[in-house]
$ cat work-v1.pdb   # PDB, C-alpha atoms and all ligand atoms
MODEL        1
ATOM      1  CA  MET Y 179      12.221 -10.953  -5.259
ATOM      2  CA  ALA Y 180      11.148  -7.858  -3.366
ATOM      3  CA  PHE Y 181       7.600  -6.608  -3.526
ATOM      4  CA  GLY Y 182       7.224  -4.253  -6.449
ATOM      5  CA  SER Y 183       9.896  -5.855  -8.597
ATOM      6  CA  LEU Y 184       8.901  -6.357 -12.184
ATOM      7  CA  ARG Y 185       9.213  -9.628 -14.042
ATOM      8  CA  GLU Y 186       8.402  -9.241 -17.723
ATOM      9  CA  GLY Y 187       6.305 -11.793 -19.582
ATOM     10  CA  ALA Y 188       6.018 -14.206 -16.673
ATOM     11  CA  GLU Y 189       3.122 -16.423 -15.739
ATOM     12  CA  GLY Y 190       0.077 -14.379 -14.895
ATOM     13  CA  SER Y 191       0.413 -12.079 -17.901
ATOM     14  CA  ASN Y 192      -1.880 -14.105 -20.125
ATOM     15  CA  CYS Y 193      -5.193 -12.441 -19.391
ATOM     16  CA  THR Y 194      -6.613 -11.265 -22.697
ATOM     17  CA  ARG Y 195     -10.093 -10.291 -21.596
ATOM     18  CA  ILE Y 196     -11.275  -6.750 -21.096
ATOM     19  CA  CYS Y 197     -12.467  -6.133 -17.554
ATOM     20  CA  ALA Y 198     -14.345  -3.006 -16.582
ATOM     21  CA  ASN Y 199     -12.316  -2.734 -13.420
ATOM     22  CA  CYS Y 200      -8.843  -3.915 -14.277
ATOM     23  CA  GLU Y 201      -6.187  -2.351 -16.364
ATOM     24  CA  GLN Y 202      -4.637  -4.712 -18.887
ATOM     25  CA  ILE Y 203      -0.891  -4.774 -18.415
ATOM     26  CA  PRO Y 204       1.653  -6.926 -20.263
ATOM     27  CA  HIS Y 205       3.624  -7.747 -17.128
ATOM     28  CA  PHE Y 206       3.025  -8.715 -13.568
ATOM     29  CA  TRP Y 207       4.029  -7.553 -10.085
ATOM     30  CA  TYR Y 208       5.509 -10.323  -7.977
ATOM     31  CA  PRO Y 209       5.464  -9.729  -4.228
ATOM     32  CA  SER Y 210       7.848 -11.756  -2.076
ATOM     33  CA  PRO Y 211       6.637 -15.138  -0.846
ATOM     34  CA  SER Y 212       5.796 -14.871   2.837
ATOM     35  CA  LEU Y 213       6.787 -17.204   5.625
ATOM     36  CA  MET Y 214       6.050 -20.891   5.194
ATOM     37  CA  THR Y 215       3.288 -22.406   7.301
ATOM     38  CA  GLN Y 216       1.509 -25.741   7.252
ATOM     39  CA  ARG Y 217      -1.795 -24.163   6.295
ATOM     40  CA  THR Y 218      -2.745 -23.502   2.678
ATOM     41  CA  PRO Y 219      -3.537 -19.798   2.447
ATOM     42  CA  ILE Y 220      -6.987 -18.862   1.249
ATOM     43  CA  ILE Y 221      -7.870 -15.672  -0.601
ATOM     44  CA  GLY Y 222     -11.534 -14.776  -0.991
ATOM     45  CA  GLY Y 223     -12.889 -12.067  -3.246
ATOM     46  CA  ASN Y 224     -16.080 -10.640  -1.742
ATOM     47  CA  TRP Y 225     -17.676  -8.744  -4.613
ATOM     48  CA  LYS Y 226     -20.529  -7.568  -2.355
ATOM     49  CA  MET Y 227     -23.315  -5.880  -4.373
ATOM     50  CA  ASN Y 228     -21.015  -4.994  -7.260
ATOM     51  CA  THR Y 229     -20.474  -5.865 -10.939
ATOM     52  CA  GLY Y 230     -23.082  -6.501 -13.614
ATOM     53  CA  LEU Y 231     -23.579  -9.874 -15.246
ATOM     54  CA  GLU Y 232     -21.178  -9.252 -18.106
ATOM     55  CA  SER Y 233     -18.549  -7.365 -16.115
ATOM     56  CA  GLY Y 234     -18.708 -10.049 -13.421
ATOM     57  CA  MET Y 235     -18.163 -12.791 -15.973
ATOM     58  CA  ASN Y 236     -15.237 -10.879 -17.450
ATOM     59  CA  LEU Y 237     -13.751 -10.302 -14.010
ATOM     60  CA  ALA Y 238     -14.092 -14.004 -13.151
ATOM     61  CA  GLY Y 239     -12.547 -14.955 -16.496
ATOM     62  CA  CYS Y 240      -9.566 -12.682 -15.886
ATOM     63  CA  VAL Y 241      -9.099 -14.062 -12.375
ATOM     64  CA  VAL Y 242      -9.132 -17.626 -13.725
ATOM     65  CA  ASP Y 243      -6.629 -16.752 -16.467
ATOM     66  CA  MET Y 244      -4.304 -15.068 -14.005
ATOM     67  CA  VAL Y 245      -4.421 -17.391 -10.991
ATOM     68  CA  ASN Y 246      -5.005 -20.766 -12.587
ATOM     69  CA  THR Y 247      -1.355 -21.790 -12.561
ATOM     70  CA  ILE Y 248      -0.827 -20.680  -8.973
ATOM     71  CA  GLU Y 249      -0.732 -23.667  -6.696
ATOM     72  CA  SER Y 250      -0.502 -23.654  -2.926
ATOM     73  CA  CYS Y 251      -3.184 -21.010  -2.531
ATOM     74  CA  GLU Y 252      -6.939 -21.545  -2.438
ATOM     75  CA  VAL Y 253      -8.924 -18.887  -4.307
ATOM     76  CA  VAL Y 254     -12.651 -18.272  -3.926
ATOM     77  CA  VAL Y 255     -14.865 -15.587  -5.462
ATOM     78  CA  TYR Y 256     -18.153 -14.504  -3.876
ATOM     79  CA  PRO Y 257     -20.323 -12.867  -6.564
ATOM     80  CA  PRO Y 258     -23.851 -11.515  -5.994
ATOM     81  CA  PHE Y 259     -26.559 -14.228  -5.892
ATOM     82  CA  PRO Y 260     -28.102 -13.559  -9.338
ATOM     83  CA  PHE Y 261     -24.769 -14.104 -11.072
ATOM     84  CA  LEU Y 262     -23.675 -17.293  -9.298
ATOM     85  CA  GLN Y 263     -24.635 -19.694 -12.055
ATOM     86  CA  ALA Y 264     -23.112 -17.563 -14.798
ATOM     87  CA  ILE Y 265     -19.878 -17.145 -12.851
ATOM     88  CA  GLU Y 266     -19.826 -20.885 -12.209
ATOM     89  CA  SER Y 267     -19.864 -21.472 -15.971
ATOM     90  CA  VAL Y 268     -16.769 -19.242 -16.279
ATOM     91  CA  ILE Y 269     -14.741 -20.730 -13.423
ATOM     92  CA  ASP Y 270     -15.869 -24.337 -13.966
ATOM     93  CA  SER Y 271     -12.882 -26.731 -14.034
ATOM     94  CA  SER Y 272     -10.512 -24.010 -12.853
ATOM     95  CA  ARG Y 273      -8.690 -23.605  -9.544
ATOM     96  CA  VAL Y 274     -11.091 -20.832  -8.545
ATOM     97  CA  SER Y 275     -14.030 -21.876  -6.366
ATOM     98  CA  LEU Y 276     -17.483 -20.375  -6.163
ATOM     99  CA  GLY Y 277     -18.712 -18.820  -2.940
ATOM    100  CA  ALA Y 278     -21.927 -17.188  -1.748
ATOM    101  CA  GLN Y 279     -22.128 -14.082   0.395
ATOM    102  CA  ASN Y 280     -24.901 -15.379   2.613
ATOM    103  CA  ILE Y 281     -27.154 -18.353   3.392
ATOM    104  CA  TRP Y 282     -30.378 -18.934   5.327
ATOM    105  CA  HIS Y 283     -30.517 -21.638   7.951
ATOM    106  CA  GLU Y 284     -33.676 -23.393   6.750
ATOM    107  CA  GLU Y 285     -33.878 -25.708   3.739
ATOM    108  CA  SER Y 286     -36.984 -24.233   2.134
ATOM    109  CA  GLY Y 287     -40.273 -22.542   2.948
ATOM    110  CA  ALA Y 288     -41.756 -19.134   3.653
ATOM    111  CA  PHE Y 289     -38.549 -17.110   3.971
ATOM    112  CA  THR Y 290     -39.009 -14.401   1.364
ATOM    113  CA  GLY Y 291     -35.756 -13.079   0.001
ATOM    114  CA  GLU Y 292     -33.607 -15.826   1.493
ATOM    115  CA  VAL Y 293     -31.516 -18.574  -0.113
ATOM    116  CA  SER Y 294     -30.834 -22.033   1.329
ATOM    117  CA  GLY Y 295     -27.684 -24.108   1.348
ATOM    118  CA  LEU Y 296     -29.340 -26.675  -0.917
ATOM    119  CA  MET Y 297     -30.034 -23.977  -3.508
ATOM    120  CA  LEU Y 298     -26.473 -22.713  -3.308
ATOM    121  CA  LYS Y 299     -25.062 -26.204  -3.798
ATOM    122  CA  GLU Y 300     -27.268 -26.757  -6.838
ATOM    123  CA  VAL Y 301     -25.584 -23.881  -8.650
ATOM    124  CA  GLY Y 302     -22.072 -24.995  -7.737
ATOM    125  CA  VAL Y 303     -21.356 -23.014  -4.576
ATOM    126  CA  THR Y 304     -18.778 -24.647  -2.294
ATOM    127  CA  SER Y 305     -18.045 -21.865   0.195
ATOM    128  CA  VAL Y 306     -20.202 -19.365   2.063
ATOM    129  CA  LEU Y 307     -19.530 -16.171   4.010
ATOM    130  CA  ILE Y 308     -21.399 -16.058   7.296
ATOM    131  CA  GLY Y 309     -21.679 -13.133   9.709
ATOM    132  CA  HIS Y 310     -19.969 -10.562   7.504
ATOM    133  CA  SER Y 311     -19.930  -7.244   9.355
ATOM    134  CA  GLU Y 312     -22.340  -5.766   6.812
ATOM    135  CA  ARG Y 313     -24.780  -8.559   7.637
ATOM    136  CA  ARG Y 314     -24.286  -7.991  11.369
ATOM    137  CA  HIS Y 315     -24.434  -4.204  11.357
ATOM    138  CA  ILE Y 316     -26.675  -3.240   8.416
ATOM    139  CA  PHE Y 317     -29.051  -6.197   8.549
ATOM    140  CA  GLY Y 318     -28.929  -6.813  12.289
ATOM    141  CA  GLU Y 319     -27.823 -10.451  12.215
ATOM    142  CA  SER Y 320     -27.319 -11.751  15.733
ATOM    143  CA  ASN Y 321     -24.768 -14.258  16.980
ATOM    144  CA  ASP Y 322     -27.674 -16.668  17.421
ATOM    145  CA  VAL Y 323     -28.731 -16.534  13.751
ATOM    146  CA  ILE Y 324     -25.103 -16.664  12.666
ATOM    147  CA  SER Y 325     -24.440 -19.812  14.697
ATOM    148  CA  LYS Y 326     -27.458 -21.509  13.074
ATOM    149  CA  LYS Y 327     -26.222 -20.519   9.628
ATOM    150  CA  VAL Y 328     -22.762 -21.895  10.424
ATOM    151  CA  ALA Y 329     -24.262 -25.227  11.502
ATOM    152  CA  VAL Y 330     -26.432 -25.492   8.392
ATOM    153  CA  GLY Y 331     -23.633 -24.489   6.034
ATOM    154  CA  ILE Y 332     -21.486 -27.273   7.453
ATOM    155  CA  GLN Y 333     -24.321 -29.810   7.339
ATOM    156  CA  GLU Y 334     -24.720 -28.993   3.658
ATOM    157  CA  GLY Y 335     -21.039 -29.738   3.132
ATOM    158  CA  LEU Y 336     -20.113 -26.147   2.374
ATOM    159  CA  GLN Y 337     -16.931 -24.469   3.505
ATOM    160  CA  VAL Y 338     -18.042 -21.889   6.052
ATOM    161  CA  VAL Y 339     -16.159 -18.618   6.430
ATOM    162  CA  LEU Y 340     -17.187 -17.202   9.801
ATOM    163  CA  CYS Y 341     -16.537 -13.444   9.836
ATOM    164  CA  ILE Y 342     -15.844 -11.718  13.133
ATOM    165  CA  GLY Y 343     -14.532  -8.292  14.073
ATOM    166  CA  GLU Y 344     -14.887  -5.326  16.355
ATOM    167  CA  THR Y 345     -16.235  -1.836  15.605
ATOM    168  CA  LEU Y 346     -14.118   1.281  16.094
ATOM    169  CA  GLU Y 347     -16.044   2.111  19.252
ATOM    170  CA  GLU Y 348     -15.368  -1.336  20.682
ATOM    171  CA  ARG Y 349     -11.705  -1.084  19.751
ATOM    172  CA  GLU Y 350     -11.342   2.334  21.358
ATOM    173  CA  ALA Y 351     -13.002   1.014  24.502
ATOM    174  CA  GLY Y 352     -10.313  -1.698  24.662
ATOM    175  CA  ASP Y 353     -12.858  -4.438  23.961
ATOM    176  CA  THR Y 354     -11.401  -5.886  20.747
ATOM    177  CA  LEU Y 355     -10.576  -9.330  22.099
ATOM    178  CA  LYS Y 356     -13.698  -9.544  24.227
ATOM    179  CA  VAL Y 357     -15.923  -8.837  21.193
ATOM    180  CA  VAL Y 358     -14.004 -10.925  18.679
ATOM    181  CA  LEU Y 359     -13.674 -13.963  20.923
ATOM    182  CA  SER Y 360     -17.310 -13.865  21.979
ATOM    183  CA  GLN Y 361     -18.361 -13.741  18.296
ATOM    184  CA  LEU Y 362     -16.015 -16.657  17.652
ATOM    185  CA  GLU Y 363     -17.393 -18.713  20.518
ATOM    186  CA  ALA Y 364     -21.013 -17.997  19.578
ATOM    187  CA  GLY Y 365     -20.412 -18.657  15.874
ATOM    188  CA  LEU Y 366     -18.803 -22.026  16.616
ATOM    189  CA  SER Y 367     -21.221 -23.029  19.360
ATOM    190  CA  ASN Y 368     -22.887 -25.677  17.168
ATOM    191  CA  VAL Y 369     -19.711 -26.940  15.517
ATOM    192  CA  GLU Y 370     -18.153 -30.233  16.567
ATOM    193  CA  ALA Y 371     -14.424 -30.862  16.468
ATOM    194  CA  SER Y 372     -14.743 -33.173  13.454
ATOM    195  CA  GLN Y 373     -16.493 -30.390  11.511
ATOM    196  CA  MET Y 374     -13.830 -27.742  12.068
ATOM    197  CA  VAL Y 375     -12.075 -28.823   8.883
ATOM    198  CA  LYS Y 376     -14.929 -27.076   7.009
ATOM    199  CA  VAL Y 377     -14.463 -23.805   8.902
ATOM    200  CA  VAL Y 378     -12.356 -20.777   8.012
ATOM    201  CA  ILE Y 379     -12.329 -17.734  10.285
ATOM    202  CA  ALA Y 380     -12.143 -14.246   8.794
ATOM    203  CA  TYR Y 381     -11.009 -11.594  11.265
ATOM    204  CA  GLU Y 382     -12.261  -8.330   9.847
ATOM    205  CA  PRO Y 383     -12.075  -5.250  12.051
ATOM    206  CA  VAL Y 384     -15.201  -3.322  11.058
ATOM    207  CA  TRP Y 385     -13.361   0.014  11.045
ATOM    208  CA  ALA Y 386     -10.981  -1.330   8.385
ATOM    209  CA  ILE Y 387     -13.605  -2.621   5.957
ATOM    210  CA  GLY Y 388     -13.912  -0.440   2.881
ATOM    211  CA  THR Y 389     -12.237   2.485   4.647
ATOM    212  CA  GLY Y 390      -8.688   2.230   3.325
ATOM    213  CA  LYS Y 391      -7.507   1.778   6.945
ATOM    214  CA  THR Y 392      -5.785  -1.515   7.707
ATOM    215  CA  ALA Y 393      -4.806  -2.987  11.031
ATOM    216  CA  THR Y 394      -1.019  -3.017  11.350
ATOM    217  CA  PRO Y 395       0.387  -6.518  10.836
ATOM    218  CA  GLU Y 396       1.364  -6.508  14.546
ATOM    219  CA  ASP Y 397      -2.162  -5.620  15.703
ATOM    220  CA  ALA Y 398      -3.747  -8.114  13.325
ATOM    221  CA  GLN Y 399      -1.311 -10.847  14.403
ATOM    222  CA  LYS Y 400      -2.196 -10.289  18.086
ATOM    223  CA  VAL Y 401      -5.887 -10.827  17.365
ATOM    224  CA  HIS Y 402      -5.231 -13.816  15.082
ATOM    225  CA  SER Y 403      -3.061 -15.392  17.738
ATOM    226  CA  ALA Y 404      -5.800 -14.885  20.353
ATOM    227  CA  ILE Y 405      -8.344 -16.446  17.984
ATOM    228  CA  ARG Y 406      -6.092 -19.468  17.501
ATOM    229  CA  SER Y 407      -5.587 -19.837  21.260
ATOM    230  CA  SER Y 408      -9.308 -19.654  21.765
ATOM    231  CA  ILE Y 409      -9.885 -22.416  19.175
ATOM    232  CA  ASP Y 410      -7.266 -24.451  21.044
ATOM    233  CA  GLU Y 411      -9.250 -24.014  24.273
ATOM    234  CA  MET Y 412     -12.578 -24.785  22.581
ATOM    235  CA  TYR Y 413     -11.268 -27.839  20.686
ATOM    236  CA  ASN Y 414      -7.602 -28.833  20.795
ATOM    237  CA  SER Y 415      -4.215 -27.695  19.566
ATOM    238  CA  GLU Y 416      -4.330 -29.804  16.402
ATOM    239  CA  ILE Y 417      -7.567 -28.150  15.303
ATOM    240  CA  ALA Y 418      -6.229 -24.743  16.318
ATOM    241  CA  GLN Y 419      -3.157 -25.285  14.152
ATOM    242  CA  GLN Y 420      -5.111 -26.549  11.160
ATOM    243  CA  THR Y 421      -7.789 -23.802  11.153
ATOM    244  CA  ARG Y 422      -7.159 -21.033   8.675
ATOM    245  CA  ILE Y 423      -7.686 -17.465   9.842
ATOM    246  CA  GLN Y 424      -8.002 -14.852   7.105
ATOM    247  CA  TYR Y 425      -7.525 -11.149   7.676
ATOM    248  CA  GLY Y 426      -9.940  -8.730   6.023
ATOM    249  CA  GLY Y 427     -10.117  -4.951   5.894
ATOM    250  CA  SER Y 428      -8.722  -2.889   3.033
ATOM    251  CA  VAL Y 429      -6.227  -5.562   1.966
ATOM    252  CA  LYS Y 430      -4.365  -4.430  -1.149
ATOM    253  CA  PRO Y 431      -1.287  -5.606  -3.072
ATOM    254  CA  GLU Y 432       0.691  -2.930  -1.189
ATOM    255  CA  ASN Y 433      -0.042  -4.274   2.310
ATOM    256  CA  ALA Y 434      -0.682  -7.969   1.620
ATOM    257  CA  THR Y 435       2.896  -9.233   1.873
ATOM    258  CA  ASP Y 436       3.462  -7.776   5.338
ATOM    259  CA  LEU Y 437       0.150  -9.136   6.598
ATOM    260  CA  PHE Y 438       0.803 -12.619   5.190
ATOM    261  CA  ALA Y 439       4.241 -12.682   6.794
ATOM    262  CA  CYS Y 440       2.519 -12.893  10.197
ATOM    263  CA  LYS Y 441       2.486 -16.429  11.472
ATOM    264  CA  ASP Y 442      -1.218 -16.655  12.249
ATOM    265  CA  ILE Y 443      -2.533 -14.865   9.137
ATOM    266  CA  ASP Y 444      -3.506 -17.435   6.513
ATOM    267  CA  GLY Y 445      -4.745 -15.300   3.668
ATOM    268  CA  ALA Y 446      -7.335 -12.588   3.221
ATOM    269  CA  LEU Y 447     -10.946 -11.823   2.579
ATOM    270  CA  VAL Y 448     -10.776  -9.009   0.052
ATOM    271  CA  GLY Y 449     -13.568  -6.593  -0.818
ATOM    272  CA  GLY Y 450     -12.721  -3.565  -2.958
ATOM    273  CA  ALA Y 451      -9.449  -4.917  -4.330
ATOM    274  CA  SER Y 452     -11.179  -8.101  -5.535
ATOM    275  CA  LEU Y 453     -13.027  -6.063  -8.172
ATOM    276  CA  SER Y 454      -9.807  -5.688 -10.130
ATOM    277  CA  ALA Y 455      -8.301  -8.922 -11.443
ATOM    278  CA  ASP Y 456      -4.839  -7.336 -11.332
ATOM    279  CA  SER Y 457      -5.077  -6.317  -7.666
ATOM    280  CA  PHE Y 458      -6.759  -9.548  -6.626
ATOM    281  CA  THR Y 459      -4.161 -11.665  -8.411
ATOM    282  CA  ALA Y 460      -1.326  -9.670  -6.854
ATOM    283  CA  ILE Y 461      -2.817 -10.476  -3.438
ATOM    284  CA  VAL Y 462      -3.051 -14.163  -4.370
ATOM    285  CA  MET Y 463       0.603 -14.045  -5.431
ATOM    286  CA  ALA Y 464       1.528 -12.473  -2.102
ATOM    287  CA  ALA Y 465      -0.148 -15.378  -0.313
ATOM    288  CA  ARG Y 466       1.356 -18.175  -2.365
ATOM    289  CA  ASN Y 467       3.584 -20.423  -0.289
ATOM    290  CA  SER Y 468       2.870 -18.348   2.801
TER     291      SER Y 468
HETATM  292  C1  LIG Y 501     -14.863  -7.302   3.029
HETATM  293  O1  LIG Y 501     -15.858  -6.984   2.399
HETATM  294  O2  LIG Y 501     -14.870  -8.364   3.643
HETATM  295  C2  LIG Y 501     -13.690  -6.424   3.011
HETATM  296  C3  LIG Y 501     -12.676  -6.754   3.749
HETATM  297  O3  LIG Y 501     -13.763  -5.294   2.231
HETATM  298  P1  LIG Y 501     -12.527  -4.314   1.862
HETATM  299  O4  LIG Y 501     -11.382  -5.171   1.399
HETATM  300  O5  LIG Y 501     -13.059  -3.423   0.779
HETATM  301  O6  LIG Y 501     -12.170  -3.553   3.089
ENDMDL
END
$ encode --input "work-v1.pdb" --output "structure tokens"
Amino acid sequence: MAFGSLREGAEGSNCTRICANCEQIPHFWYPSPSLMTQRTPIIGGNWKMNTGLESGMNLAGCVVDMVNTIESCEVVVYPPFPFLQAIESVIDSSRVSLGAQNIWHEESGAFTGEVSGLMLKEVGVTSVLIGHSERRHIFGESNDVISKKVAVGIQEGLQVVLCIGETLEEREAGDTLKVVLSQLEAGLSNVEASQMVKVVIAYEPVWAIGTGKTATPEDAQKVHSAIRSSIDEMYNSEIAQQTRIQYGGSVKPENATDLFACKDIDGALVGGASLSADSFTAIVMAARNS
């Protein structure tokens, strides 16, 4: 079925909650399944510093209602820290996993404002974003700190989503691959081959995050392919083939299918569009079986 076709009353139409950010519709948009790969696609919803407690719980409830029957796609939501436990109570026993937007690389101690992996695990977190471009560029996180966080996240048994991506300036200077691959290498510098199963890479060109601009599928595919080759060189081809590489940067239902059709794109890290259960679910549907 082509993207944009309407299927009345199908699975996914059973959300009965009222979300602040999503329109309730009695039907569902079904994008085409993308190309088959061996890797289970993963869609993450990075809520950033958005939602309130109640609206976040409603959003999570709608997401659960709408994606719970969708197999062959991993779905993770990353709410703000104060709402993690409440969101966990909503998504508990569902197919949706709980993620955190950040972690500190020490277990405990005098680190005002920071949160450890142990604390995250205690409230049900199973996945963590590390090195998001907002952490790198607003909060000045270095590759060194990011690599320590990656190591600790893995030691704690969390799934680690290592975010990498170039700025517009770096892209215009022709340095995209140089920047992205050096962030990749630094971020994975403490990760052994046997631990790579816990790692997901999110390629997020900084100029595409929250701007409405998306890399073309061809441009994104070139970078994803280079990332995979680099993982092959750092580890081996089996690990390179098993590692999932998400794309992030203004992913929406309208562009998701074309992105997921690229052979090295294994899902998406979604910011703005994850604040609407309808948009987020449409992106999950686009990734199913891809
Ligand atoms: C993000 O926050 O990781 C992101 C990709 O945001 P957006 O989808 O809004 O561009």
$ residues_near_ligand --input "work-v1.pdb" --ligand "ligand LIG 501 (chain Y)" --cutoff "10 Å" --atoms "all atoms listed in the file" --output "ChimeraX atom specification"
/Y:222-226,279,307,310-312,341,380-392,424-430,446-453
$ closest_atom_pairs --input "work-v1.pdb" --of "stretch 198-307 of chain Y" --to "stretch 326-331 of chain Y" --cutoff "9 Å" --atoms "only C-alpha atoms" --output "tab-separated table"
residue	atom	partner	partner_atom	distance
Y:Asn280	CA	Y:Lys327	CA	8.8
Y:Ile281	CA	Y:Lys327	CA	6.7
Y:Trp282	CA	Y:Lys327	CA	6.2
Y:His283	CA	Y:Lys327	CA	4.7
Y:Glu284	CA	Y:Val330	CA	7.7
Y:Glu285	CA	Y:Val330	CA	8.8
Y:Ser294	CA	Y:Gly331	CA	8.9
Y:Gly295	CA	Y:Gly331	CA	6.2
Y:Ser305	CA	Y:Gly331	CA	8.5
Y:Val306	CA	Y:Gly331	CA	7.3
$ resolve_selection --input "work-v1.pdb" --expression "the PyMOL selection byres (((chain Y and resi 376) around 9) and not hetatm)" --output "PyMOL selection string"
chain Y and resi 332+335-339+372-375+377-378+421
$ atom_distance --input "work-v1.pdb" --atom1 "atom CA of Y:Ala393" --atom2 "atom CA of Y:Thr229"
27.1 Å
$ closest_residue --input "work-v1.pdb" --among "Y:Arg217, Y:Ile265, Y:Met244, Y:Leu296" --to "Y:Lys441" --atoms "all atoms listed in the file"
Y:Arg217
$ decode --input "work-v1.pdb" --residues "stretch 244-266 of chain Y" --atoms "N, CA and C atoms" --output "CSV table (one decimal), in the first residue's frame"
chain,number,residue,atom,x,y,z
Y,244,MET,N,-1.2,2.6,20.4
Y,244,MET,CA,-1.1,2.5,18.9
Y,244,MET,C,0.0,1.6,18.4
Y,245,VAL,N,1.1,1.4,19.2
Y,245,VAL,CA,2.2,0.6,18.6
Y,245,VAL,C,2.3,-0.8,19.2
Y,246,ASN,N,1.4,-1.1,20.2
Y,246,ASN,CA,1.7,-2.3,20.9
Y,246,ASN,C,1.5,-3.6,20.1
Y,247,THR,N,0.7,-3.5,19.0
Y,247,THR,CA,0.6,-4.7,18.2
Y,247,THR,C,1.6,-4.8,17.1
Y,248,ILE,N,2.4,-3.8,17.0
Y,248,ILE,CA,3.4,-3.7,15.9
Y,248,ILE,C,4.7,-4.5,16.3
Y,249,GLU,N,4.9,-5.6,15.6
Y,249,GLU,CA,6.1,-6.4,15.9
Y,249,GLU,C,7.1,-6.0,14.9
Y,250,SER,N,8.3,-6.5,15.1
Y,250,SER,CA,9.4,-6.3,14.2
Y,250,SER,C,9.9,-4.8,14.1
Y,251,CYS,N,9.6,-4.1,15.2
Y,251,CYS,CA,10.2,-2.8,15.3
Y,251,CYS,C,10.3,-2.5,16.8
Y,252,GLU,N,11.5,-2.1,17.2
Y,252,GLU,CA,11.7,-1.7,18.6
Y,252,GLU,C,11.4,-0.2,18.8
Y,253,VAL,N,10.7,0.1,19.9
Y,253,VAL,CA,10.2,1.4,20.1
Y,253,VAL,C,10.6,1.9,21.5
Y,254,VAL,N,11.3,3.0,21.6
Y,254,VAL,CA,11.8,3.5,22.9
Y,254,VAL,C,11.3,5.0,23.0
Y,255,VAL,N,10.9,5.4,24.2
Y,255,VAL,CA,10.6,6.8,24.4
Y,255,VAL,C,11.6,7.3,25.5
Y,256,TYR,N,12.0,8.6,25.3
Y,256,TYR,CA,13.0,9.2,26.1
Y,256,TYR,C,12.4,10.5,26.8
Y,257,PRO,N,11.6,10.3,27.9
Y,257,PRO,CA,11.0,11.5,28.5
Y,257,PRO,C,12.0,12.2,29.4
Y,258,PRO,N,11.6,13.4,29.8
Y,258,PRO,CA,12.5,14.2,30.8
Y,258,PRO,C,12.7,13.4,32.1
Y,259,PHE,N,13.8,13.5,32.7
Y,259,PHE,CA,14.1,12.8,33.9
Y,259,PHE,C,13.0,12.7,35.0
Y,260,PRO,N,12.4,13.9,35.3
Y,260,PRO,CA,11.4,13.8,36.4
Y,260,PRO,C,10.2,13.0,36.2
Y,261,PHE,N,10.0,12.7,34.9
Y,261,PHE,CA,8.8,11.9,34.5
Y,261,PHE,C,9.1,10.4,34.3
Y,262,LEU,N,10.3,10.0,34.4
Y,262,LEU,CA,10.7,8.6,34.0
Y,262,LEU,C,9.8,7.6,34.7
Y,263,GLN,N,9.7,7.7,36.0
Y,263,GLN,CA,9.0,6.7,36.8
Y,263,GLN,C,7.5,6.7,36.4
Y,264,ALA,N,6.9,7.8,36.3
Y,264,ALA,CA,5.5,7.9,35.9
Y,264,ALA,C,5.3,7.3,34.5
Y,265,ILE,N,6.2,7.6,33.6
Y,265,ILE,CA,6.0,7.0,32.3
Y,265,ILE,C,6.2,5.5,32.3
Y,266,GLU,N,7.2,5.1,33.1
Y,266,GLU,CA,7.4,3.7,33.3
Y,266,GLU,C,6.1,3.0,33.7
